[in-house]
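J.: Just one file: coords-v1.cif, with mmCIF, C-alpha atoms and all ligand atoms.
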data_protein
loop_
_atom_site.label_atom_id
_atom_site.label_comp_id
_atom_site.auth_asym_id
_atom_site.auth_seq_id
_atom_site.Cartn_x
_atom_site.Cartn_y
_atom_site.Cartn_z
CA VAL F 1 23.80 158.52 4.09
CA ARG F 2 25.84 159.48 7.13
CA ARG F 3 29.10 160.97 5.95
CA SER F 4 32.56 160.18 7.31
CA GLY F 5 34.60 162.90 9.04
CA GLN F 6 36.34 163.96 5.85
CA SER F 7 33.55 164.66 3.41
CA GLY F 8 30.09 166.09 3.05
CA THR F 9 28.69 169.53 2.41
CA ILE F 10 29.29 172.67 4.44
CA LEU F 11 26.51 175.20 4.00
CA PHE F 12 27.64 178.80 4.48
CA TYR F 13 24.58 181.06 4.73
CA SER F 14 24.93 184.77 5.45
CA GLU F 15 23.70 187.82 3.65
CA ALA F 16 25.99 190.29 5.39
CA SER F 17 29.47 188.95 5.85
CA ASP F 18 32.88 189.34 4.31
CA PRO F 19 32.47 187.98 0.72
CA SER F 20 35.71 185.97 0.95
CA TRP F 21 34.21 183.48 3.45
CA PRO F 22 33.06 180.74 1.00
CA THR F 23 36.39 180.73 -0.86
CA GLU F 24 38.39 180.67 2.37
CA LEU F 25 36.25 177.81 3.69
CA GLN F 26 36.64 175.82 0.49
CA LYS F 27 40.44 176.23 0.71
CA ALA F 28 40.38 175.07 4.33
CA PHE F 29 38.14 172.05 3.51
CA PRO F 30 39.28 170.71 0.12
CA THR F 31 37.48 167.40 0.61
CA PHE F 32 34.12 169.01 1.49
CA ALA F 33 31.76 170.85 -0.85
CA VAL F 34 31.12 174.40 0.35
CA ARG F 35 27.74 175.77 -0.78
CA THR F 36 26.05 179.10 -0.13
CA ARG F 37 22.46 178.20 -1.08
CA PRO F 38 20.48 175.32 0.46
CA GLU F 39 18.93 174.59 -2.96
CA ASP F 40 22.44 173.79 -4.28
CA THR F 41 22.91 170.97 -1.75
CA ASP F 42 21.74 167.42 -1.34
CA PRO F 43 20.19 168.00 2.13
CA THR F 44 21.39 164.63 3.44
CA ASP F 45 25.00 165.62 2.65
CA VAL F 46 25.03 168.76 4.80
CA VAL F 47 27.09 168.11 7.94
CA ALA F 48 27.80 171.67 9.07
CA ALA F 49 25.85 174.91 8.70
CA ILE F 50 27.72 178.18 9.20
CA VAL F 51 25.00 180.78 9.53
CA TRP F 52 24.16 184.39 10.19
CA LYS F 53 20.44 185.35 10.14
CA TYR F 54 19.15 182.52 7.99
CA PRO F 55 15.48 182.06 7.04
CA ALA F 56 13.53 180.23 9.78
CA GLY F 57 13.04 176.55 8.97
CA MET F 58 16.10 176.31 6.70
CA LEU F 59 18.05 173.93 8.93
CA GLN F 60 15.40 171.29 9.59
CA GLN F 61 15.86 169.64 6.16
CA PHE F 62 19.46 168.61 6.99
CA ALA F 63 19.02 165.20 8.64
CA ASN F 64 22.78 164.62 9.10
CA LEU F 65 23.67 168.06 10.47
CA ARG F 66 26.29 167.83 13.23
CA LEU F 67 27.12 171.49 13.80
CA ILE F 68 25.36 174.86 13.74
CA GLN F 69 28.17 177.39 13.77
CA VAL F 70 26.94 180.94 14.21
CA LEU F 71 29.10 183.44 12.36
CA GLY F 72 29.18 185.98 15.15
CA ALA F 73 29.17 186.44 18.93
CA GLY F 74 25.39 186.85 19.40
CA VAL F 75 23.08 183.91 18.72
CA ASP F 76 19.65 185.42 19.49
CA HIS F 77 18.44 185.18 15.87
CA LEU F 78 18.44 181.36 16.25
CA TRP F 79 15.70 181.44 18.89
CA SER F 80 13.22 182.96 16.45
CA ASP F 81 13.42 179.77 14.34
CA PRO F 82 10.63 177.48 15.61
CA CYS F 83 12.15 174.60 13.60
CA LEU F 84 15.70 174.91 14.97
CA PRO F 85 16.92 171.29 15.21
CA LYS F 86 17.22 170.81 18.97
CA HIS F 87 19.63 167.87 18.93
CA VAL F 88 22.37 169.65 16.91
CA PRO F 89 25.15 171.33 18.92
CA ILE F 90 25.50 175.09 18.47
CA ALA F 91 28.67 177.16 18.68
CA ARG F 92 29.31 180.88 18.43
CA LEU F 93 32.46 182.68 17.37
CA VAL F 94 34.94 184.28 19.68
CA ASP F 95 37.03 186.26 17.26
CA PRO F 96 40.03 188.27 18.47
CA GLY F 97 39.56 190.68 15.55
CA LEU F 98 35.90 191.25 16.51
CA THR F 99 36.88 191.77 20.15
CA ALA F 100 39.57 194.30 19.18
CA ARG F 101 37.20 196.33 16.94
CA MET F 102 34.50 196.33 19.65
CA THR F 103 37.00 197.47 22.27
CA GLU F 104 38.07 200.36 19.99
CA TYR F 105 34.45 201.37 19.50
CA VAL F 106 33.67 201.39 23.22
CA LEU F 107 36.87 203.35 23.96
CA LEU F 108 36.10 205.81 21.14
CA HIS F 109 32.58 206.58 22.34
CA SER F 110 33.43 206.49 26.06
CA LEU F 111 36.13 209.11 25.43
CA ALA F 112 33.79 211.16 23.24
CA LEU F 113 31.10 211.13 25.96
CA HIS F 114 33.62 211.78 28.73
CA ARG F 115 35.06 214.79 26.77
CA ARG F 116 31.46 215.90 26.00
CA LEU F 117 31.80 215.81 22.24
CA PRO F 118 28.00 215.76 21.65
CA GLU F 119 27.58 218.97 23.71
CA LEU F 120 30.54 220.63 21.91
CA ARG F 121 29.12 219.63 18.54
CA SER F 122 25.72 221.06 19.42
CA ALA F 123 27.35 224.34 20.59
CA GLN F 124 29.29 224.53 17.31
CA CYS F 125 26.04 224.16 15.36
CA LYS F 126 24.87 227.34 17.12
CA ASN F 127 28.21 229.21 16.55
CA THR F 128 28.63 229.16 20.31
CA TRP F 129 31.94 229.08 22.20
CA ARG F 130 31.00 226.77 25.08
CA TYR F 131 34.05 226.12 27.24
CA LEU F 132 33.74 222.73 28.95
CA HIS F 133 36.62 222.04 31.27
CA PRO F 134 38.46 218.80 30.42
CA ARG F 135 38.45 216.30 33.27
CA PRO F 136 40.59 213.20 33.90
CA PRO F 137 39.03 209.84 32.96
CA ALA F 138 39.22 208.76 36.59
CA ASP F 139 36.35 211.20 37.23
CA THR F 140 34.10 209.16 34.93
CA CYS F 141 32.70 205.79 35.94
CA VAL F 142 31.99 203.53 32.95
CA GLY F 143 29.68 200.65 33.87
CA ILE F 144 29.73 197.69 31.53
CA MET F 145 26.67 195.45 31.54
CA GLY F 146 27.88 192.02 30.39
CA LEU F 147 31.35 190.86 31.38
CA GLY F 148 31.82 188.19 28.73
CA VAL F 149 34.53 188.09 26.12
CA LEU F 150 33.70 191.60 24.86
CA GLY F 151 32.79 193.24 28.16
CA ARG F 152 35.97 192.03 29.85
CA SER F 153 38.14 193.33 27.02
CA CYS F 154 36.41 196.72 27.13
CA ALA F 155 36.68 196.89 30.93
CA ALA F 156 40.43 196.24 30.80
CA ALA F 157 40.98 198.82 28.03
CA LEU F 158 38.88 201.48 29.80
CA ALA F 159 40.68 200.91 33.09
CA GLY F 160 43.97 200.94 31.16
CA ILE F 161 43.46 204.54 30.05
CA GLY F 162 42.40 205.64 33.49
CA PHE F 163 38.60 205.37 33.51
CA ASN F 164 36.91 204.21 36.66
CA ALA F 165 35.43 201.02 35.15
CA ILE F 166 32.91 198.71 36.81
CA GLY F 167 30.97 195.72 35.47
CA TRP F 168 27.75 193.77 35.92
CA SER F 169 27.09 190.13 35.03
CA ARG F 170 24.91 187.15 35.85
CA SER F 171 27.50 185.09 37.72
CA ARG F 172 30.30 186.04 40.10
CA LYS F 173 33.68 186.86 38.53
CA SER F 174 37.11 186.30 39.96
CA ASN F 175 40.41 187.85 38.85
CA MET F 176 38.76 190.97 37.45
CA ALA F 177 40.76 194.18 37.65
CA VAL F 178 37.52 196.18 37.93
CA GLN F 179 34.79 196.09 40.58
CA THR F 180 31.95 193.78 39.60
CA TYR F 181 28.27 193.60 40.47
CA ILE F 182 26.14 190.48 40.18
CA GLY F 183 22.54 189.95 39.13
CA ALA F 184 19.33 191.76 39.99
CA ALA F 185 20.30 192.33 43.63
CA ASP F 186 23.28 194.53 42.67
CA LEU F 187 21.73 196.35 39.72
CA ASP F 188 20.50 199.43 41.62
CA GLU F 189 23.91 200.05 43.15
CA PHE F 190 25.64 199.51 39.77
CA LYS F 191 23.29 202.01 38.06
CA ARG F 192 23.80 204.60 40.77
CA ARG F 193 27.54 204.60 40.12
CA ALA F 194 27.84 204.57 36.31
CA ASP F 195 28.20 207.87 34.40
CA ILE F 196 28.35 205.93 31.14
CA ILE F 197 26.51 202.61 30.80
CA VAL F 198 27.75 200.24 28.09
CA LEU F 199 25.39 197.43 27.04
CA LEU F 200 27.31 194.31 26.06
CA LEU F 201 24.67 191.78 27.06
CA PRO F 202 23.30 189.01 24.87
CA LEU F 203 19.60 189.26 24.00
CA THR F 204 17.79 186.58 26.01
CA SER F 205 14.41 186.28 27.71
CA ALA F 206 16.10 187.68 30.84
CA THR F 207 17.69 190.72 29.16
CA GLU F 208 15.02 191.73 26.63
CA ASN F 209 13.53 195.15 27.54
CA LEU F 210 15.87 195.39 30.57
CA ILE F 211 16.51 199.08 29.82
CA ASP F 212 12.96 200.27 30.48
CA SER F 213 11.50 203.31 32.25
CA HIS F 214 12.05 201.70 35.66
CA PHE F 215 15.73 201.07 34.91
CA LEU F 216 16.24 204.55 33.47
CA ALA F 217 14.58 206.19 36.48
CA GLY F 218 17.38 204.81 38.65
CA VAL F 219 20.44 205.87 36.65
CA ARG F 220 22.67 208.78 37.68
CA ASP F 221 21.40 212.18 36.60
CA GLY F 222 22.83 212.97 33.17
CA ALA F 223 24.25 209.50 32.59
CA ALA F 224 25.01 208.41 29.01
CA LEU F 225 24.33 205.08 27.33
CA ILE F 226 26.19 203.09 24.68
CA ASN F 227 24.29 200.11 23.21
CA VAL F 228 26.42 197.63 21.31
CA GLY F 229 24.54 194.55 22.58
CA ARG F 230 21.18 194.22 20.82
CA GLY F 231 18.41 196.71 20.04
CA ALA F 232 15.74 194.82 21.97
CA LEU F 233 17.61 195.28 25.26
CA ILE F 234 16.08 198.78 25.23
CA VAL F 235 12.44 199.94 25.35
CA GLU F 236 12.66 202.64 22.69
CA ASN F 237 9.98 205.02 24.03
CA ALA F 238 11.49 204.86 27.49
CA LEU F 239 14.88 205.82 26.06
CA ILE F 240 13.48 208.79 24.19
CA ALA F 241 11.56 209.93 27.30
CA ALA F 242 14.71 209.71 29.44
CA LEU F 243 16.72 211.74 26.89
CA ASP F 244 13.96 214.35 26.54
CA ALA F 245 13.68 214.68 30.31
CA GLY F 246 17.47 215.14 30.63
CA ARG F 247 17.70 212.03 32.79
CA LEU F 248 20.12 210.71 30.16
CA ARG F 249 22.36 213.22 28.39
CA HIS F 250 23.21 211.15 25.30
CA ALA F 251 22.83 207.68 23.77
CA VAL F 252 25.16 206.04 21.27
CA LEU F 253 23.30 203.27 19.46
CA ASP F 254 24.85 200.70 17.15
CA VAL F 255 22.07 198.08 17.28
CA PHE F 256 18.31 198.37 16.80
CA ARG F 257 15.11 196.35 17.08
CA THR F 258 14.65 196.72 13.33
CA GLU F 259 17.76 196.81 11.15
CA PRO F 260 18.33 198.71 8.96
CA LEU F 261 16.76 201.39 11.18
CA PRO F 262 13.72 202.62 9.19
CA ALA F 263 14.23 206.08 7.62
CA GLU F 264 11.22 207.51 9.49
CA HIS F 265 12.39 206.31 12.93
CA ALA F 266 12.49 208.98 15.66
CA PHE F 267 16.06 208.01 16.64
CA TRP F 268 17.56 209.42 13.41
CA SER F 269 16.84 213.07 14.11
CA HIS F 270 17.06 213.05 17.89
CA PRO F 271 19.72 215.60 18.92
CA LYS F 272 20.91 213.43 21.81
CA ILE F 273 21.34 210.21 19.84
CA THR F 274 24.39 209.11 17.86
CA ILE F 275 23.68 206.30 15.41
CA THR F 276 26.10 203.86 13.81
CA PRO F 277 24.79 201.18 11.40
CA HIS F 278 25.65 198.04 13.42
CA ASN F 279 29.27 198.46 12.41
CA SER F 280 30.94 198.70 15.81
CA SER F 281 32.59 195.40 14.99
CA ALA F 282 32.41 192.44 12.64
CA THR F 283 33.71 188.93 12.23
CA ASN F 284 36.83 188.66 10.15
CA PRO F 285 37.73 185.48 8.20
CA ALA F 286 41.45 185.97 8.86
CA THR F 287 41.00 185.78 12.63
CA ALA F 288 37.93 183.51 12.86
CA LEU F 289 38.48 180.81 10.24
CA GLY F 290 40.77 178.65 12.41
CA GLN F 291 38.06 178.29 15.03
CA ILE F 292 35.46 177.19 12.49
CA VAL F 293 37.90 174.66 11.02
CA GLU F 294 38.50 173.29 14.50
CA ASN F 295 34.77 173.15 15.32
CA ILE F 296 33.95 171.27 12.11
CA ARG F 297 36.72 168.82 12.96
CA ARG F 298 35.40 168.44 16.51
CA ALA F 299 31.76 168.14 15.41
CA THR F 300 32.50 165.46 12.83
CA ALA F 301 34.65 163.59 15.41
CA GLY F 302 31.87 163.89 18.03
CA GLU F 303 34.05 166.04 20.35
CA LYS F 304 33.02 169.00 22.55
CA LEU F 305 32.85 172.28 20.58
CA LEU F 306 34.79 175.48 21.12
CA HIS F 307 32.50 178.24 22.49
CA PRO F 308 29.34 176.15 22.78
CA VAL F 309 25.99 177.88 23.24
CA ASP F 310 23.55 176.77 25.93
CA PRO F 311 20.05 176.94 24.40
CA LEU F 312 18.53 176.82 27.89
CA ILE F 313 20.07 180.14 29.02
CA GLY F 314 20.09 181.56 25.48
CA TYR F 315 23.78 182.54 25.04
N1 LIG U 1 27.22 195.42 17.79
C1 LIG U 1 27.92 194.42 17.30
O1 LIG U 1 28.43 194.48 16.19
C2 LIG U 1 28.13 193.19 18.15
C3 LIG U 1 29.20 192.34 17.87
C4 LIG U 1 29.41 191.25 18.68
C5 LIG U 1 28.57 190.99 19.75
N2 LIG U 1 27.52 191.83 20.00
C6 LIG U 1 26.63 191.58 21.17
O2 LIG U 1 27.41 191.52 22.34
C7 LIG U 1 26.93 190.45 23.15
C8 LIG U 1 28.01 190.01 24.14
O3 LIG U 1 29.04 189.31 23.45
P1 LIG U 1 30.13 188.45 24.26
O4 LIG U 1 30.94 187.71 23.27
O5 LIG U 1 30.83 189.30 25.26
O6 LIG U 1 29.15 187.44 25.03
P2 LIG U 1 29.47 186.45 26.23
O7 LIG U 1 30.93 186.14 26.30
O8 LIG U 1 28.49 185.34 26.13
O9 LIG U 1 29.12 187.33 27.53
C9 LIG U 1 27.83 187.71 27.86
C10 LIG U 1 27.86 188.43 29.21
O10 LIG U 1 26.54 188.88 29.54
C11 LIG U 1 26.23 188.42 30.84
N3 LIG U 1 24.79 188.14 30.97
C12 LIG U 1 24.01 187.36 30.19
N4 LIG U 1 22.75 187.33 30.65
C13 LIG U 1 22.74 188.11 31.76
C14 LIG U 1 21.75 188.47 32.70
N5 LIG U 1 20.48 188.02 32.60
N6 LIG U 1 22.09 189.29 33.72
C15 LIG U 1 23.35 189.75 33.84
N7 LIG U 1 24.36 189.45 32.98
C16 LIG U 1 24.05 188.64 31.97
C17 LIG U 1 27.01 187.15 31.01
O11 LIG U 1 27.11 186.86 32.38
P3 LIG U 1 28.01 185.61 32.91
O12 LIG U 1 29.44 186.07 32.72
O13 LIG U 1 27.64 185.52 34.32
O14 LIG U 1 27.65 184.43 32.05
C18 LIG U 1 28.33 187.53 30.35
O15 LIG U 1 29.13 188.26 31.25
C19 LIG U 1 26.51 189.40 22.12
O16 LIG U 1 25.57 188.49 22.65
C20 LIG U 1 25.90 190.24 21.02
O17 LIG U 1 24.52 190.45 21.27
C21 LIG U 1 27.29 192.91 19.21
#
Go through the file and emit its structure as structure tokens.
Ligand SMILES: NC(=O)c1ccc[n+]([C@@H]2O[C@H](COP(=O)([O-])OP(=O)(O)OC[C@H]3O[C@@H](n4cnc5c(N)ncnc54)[C@H](OP(=O)(O)O)[C@@H]3O)[C@@H](O)[C@H]2O)c1
T.:
Amino acid sequence: VRRSGQSGTILFYSEASDPSWPTELQKAFPTFAVRTRPEDTDPTDVVAAIVWKYPAGMLQQFANLRLIQVLGAGVDHLWSDPCLPKHVPIARLVDPGLTARMTEYVLLHSLALHRRLPELRSAQCKNTWRYLHPRPPADTCVGIMGLGVLGRSCAAALAGIGFNAIGWSRSRKSNMAVQTYIGAADLDEFKRRADIIVLLLPLTSATENLIDSHFLAGVRDGAALINVGRGALIVENALIAALDAGRLRHAVLDVFRTEPLPAEHAFWSHPKITITPHNSSATNPATALGQIVENIRRATAGEKLLHPVDPLIGY
């Protein structure tokens, strides 16, 4: 039974999101049934799936699905589902609350690295008075890899407090306040300039393992790294080798190949690594709900989605 635009089931599936989502969705869609478990639906009634890290194969049973709405900015977990229905349009979220929290995180850790907080902390642990002269942010070049919604916001905020910010992306940018570098041809020059490299790239076949030993051999001596993109952008052994060799002075990691990061993982106790548990930012129902409401309306009316994802390029 193909449902009309005003009824059907919305499946909300996420194991790690704000618990108010299903209630907020039900309030926004009084004529739809909002369900959180596929087994509580009649599969032919499901018209929209709002998902974050669902079990592979879950979506293929919904013959009348018109929208896959990912509940976050990154969509890479979809590509590991071999049964992802190829004909159903996919959208991601662009959430001003998520962008604001991410921008705070990147500012926080860029300032901490610029003011050498890790080195001061390590001196304190040895009861050592290690005077490190404070320098203006203009002396530090922060290079942002990925100039999408998040990277652009971070670049503007970093430049706004005086950092020398630069960016790198796949396609040419216009109207950027910071200097930009494009694609593989510019990567060496970008790396040579950045004192702090911020990873805000999506995980795709082109970006997976991009931060490998070859990449790290070409960074500035004593550069620092902040990874808020995805864990698999980085080759873990290459990162540890670069930190141990002093090629990199510190890494701030929010995302990992395996999450939660296993207790025995070498990153936990490395003196030059700061770990946060993938909490740099998160989607917030208050700022993201309107966009989902609009996308369900558009999908059921057959209109073009907000923030569509291109499965061919992977983001
Ligand atoms: N840690 C967290 O809690 C958290 C939260 C949200 C998001 N994230 C991560 O952050 C990523 C970025 O989010 P966003 O909303 O800013 O994404 P976005 O708007 O899609 O921007 C992605 C940027 O990466 C660039 N890019 C993609 N592939 C590239 C390649 N092969 N070479 C060079 N540049 C490439 C794109 O270039 P073009 O501009 O040329 O297209 C674009 O500038 C997400 O995909 C997700 O993995 C993490």
J.: Within 6 Å of ligand LIG 1 (chain U), which residues show up when you count only C-alpha atoms and all ligand atoms? List them as a list in words, please.
T.: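 The distance check yields Ala73, Gly74, Gly146, Leu147, Gly148, Val149, Leu150, Gly151, Ser169, Arg170, Ser171, Gly183, Leu200, Leu201, Pro202, Leu203, Ala206, Thr207, Val228, Gly229, Arg230, Asp254, Val255, His278, Asn279, Ser280, Ser281, Ala282 and Tyr315 of chain F.
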J.: Which distance in Å separates atom CA of F:Arg172 and atom CA of F:Ala194, to one decimal?
T.: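 Atom CA of F:Ala194 lies 19.1 Å from atom CA of F:Arg172.
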J.: Atom CA of F:Ser122 and atom CA of F:Pro260, how far apart in Å?
T.: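 These atoms are spaced 25.8 Å apart.
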J.: Within 7 Å of stretch 188-191 of chain F, counting all atoms listed in the file, which residues show up once you throw out same-chain ones fewer than 5 positions away? Write them as a list in words, please.
T.: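 Counting only the stated atoms, we get Tyr181, Gly218, Val219 and Arg220 of chain F.
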J.: Between atom CA of F:Ser205 and atom CA of F:Arg66, what is the spacing in Å?
T.: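 About the pair atom CA of F:Arg66 and atom CA of F:Ser205: they are 26.3 Å apart.
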J.: So that I can see what lies close to F:Thr287, please list as a short mmCIF file (atom, residue, chain, number, x, y, z; two decimals) with C-alpha atoms, in the coordinates of the input the residues with an atom at most 7 Å from it, counting all atoms listed in the file and leaving out residues fewer than 5 positions away in the same chain.
T.:
data_model
loop_
_atom_site.label_atom_id
_atom_site.label_comp_id
_atom_site.auth_asym_id
_atom_site.auth_seq_id
_atom_site.Cartn_x
_atom_site.Cartn_y
_atom_site.Cartn_z
CA ASP F 95 37.03 186.26 17.26
CA PRO F 96 40.03 188.27 18.47
CA GLY F 97 39.56 190.68 15.55
#
J.: List every protein, DNA or RNA residue that has at least one atom no more than 9 Å from (36.1, 207.8, 37.6) in the file's coordinates, counting all atoms listed in the file, and write the result as an NGL selection string.
T.: :F and (136-142 or 162-165 or 194-195)
J.: Leaving out F:Arg297 and any residue of its chain fewer than 4 positions from it, which residues lie within 12 Å of it when counting all atoms listed in the file, given as a ChimeraX atom specification?
T.: /F:4-7,10,28-29,32,47-48,66-67,290-293,301-306
J.: Which residues are near F:Asn64? Cut-off 7 Å, all atoms listed in the file, ignore same chain within fewer than 5 positions. Put them as a list in words.
T.: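 Once the adjacent positions are removed, what remains is Arg2, Thr44, Asp45, Val46 and Val47 of chain F.
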J.: Can I get the selected residues back with C-alpha atoms, as a PDB file, keeping the file's coordinate frame?
T.:
ATOM      1  CA  ARG F   2      25.840 159.480   7.130  1.00  0.00           C
ATOM      2  CA  THR F  44      21.390 164.630   3.440  1.00  0.00           C
ATOM      3  CA  ASP F  45      25.000 165.620   2.650  1.00  0.00           C
ATOM      4  CA  VAL F  46      25.030 168.760   4.800  1.00  0.00           C
ATOM      5  CA  VAL F  47      27.090 168.110   7.940  1.00  0.00           C
TER       6      VAL F  47
END
J.: Counting all atoms listed in the file, which residue out of F:Ile226, F:Arg249, F:Ser14, F:Val235 sits closest to F:Asn209?
T.: F:Val235
J.: Rank nothing, just name the residue among F:Leu216, F:Cys154, F:Leu210, F:Ala245 nearest to F:Gly231, using only C-alpha atoms.
T.: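 Looking at the shortest contact to F:Gly231, the residue is F:Leu210.
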J.: Using only C-alpha atoms for the distances, tell me which of F:Leu253, F:Ala232, F:Cys83, F:Ala159 is nearest to F:Tyr105.
T.: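 Among the listed residues, the smallest separation from F:Tyr105 belongs to F:Leu253.
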J.: Neighbouring residues of F:Thr23 were defined as those with any atom within 12 Å, considering all atoms listed in the file; residues of the same chain fewer than 6 positions away were excluded. Please report them as number ranges by chain.
T.: F: 10, 12, 29-30, 33-36, 285, 289
J.: Using all atoms listed in the file, which of the listed residues (F:Leu78, F:Ala242, F:Ala123, F:Ile197) sits closest to F:Asn227?
T.: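 For F:Asn227, the nearest of the candidates is F:Ile197.
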J.: Between F:Ala16, F:Ile68, F:Ala91, F:Leu59, which residue has the minimum interatomic distance to F:Val309, considering all atoms listed in the file?
T.: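 Among F:Ala16, F:Ile68, F:Ala91, F:Leu59, it is F:Ala91 that comes nearest to F:Val309.
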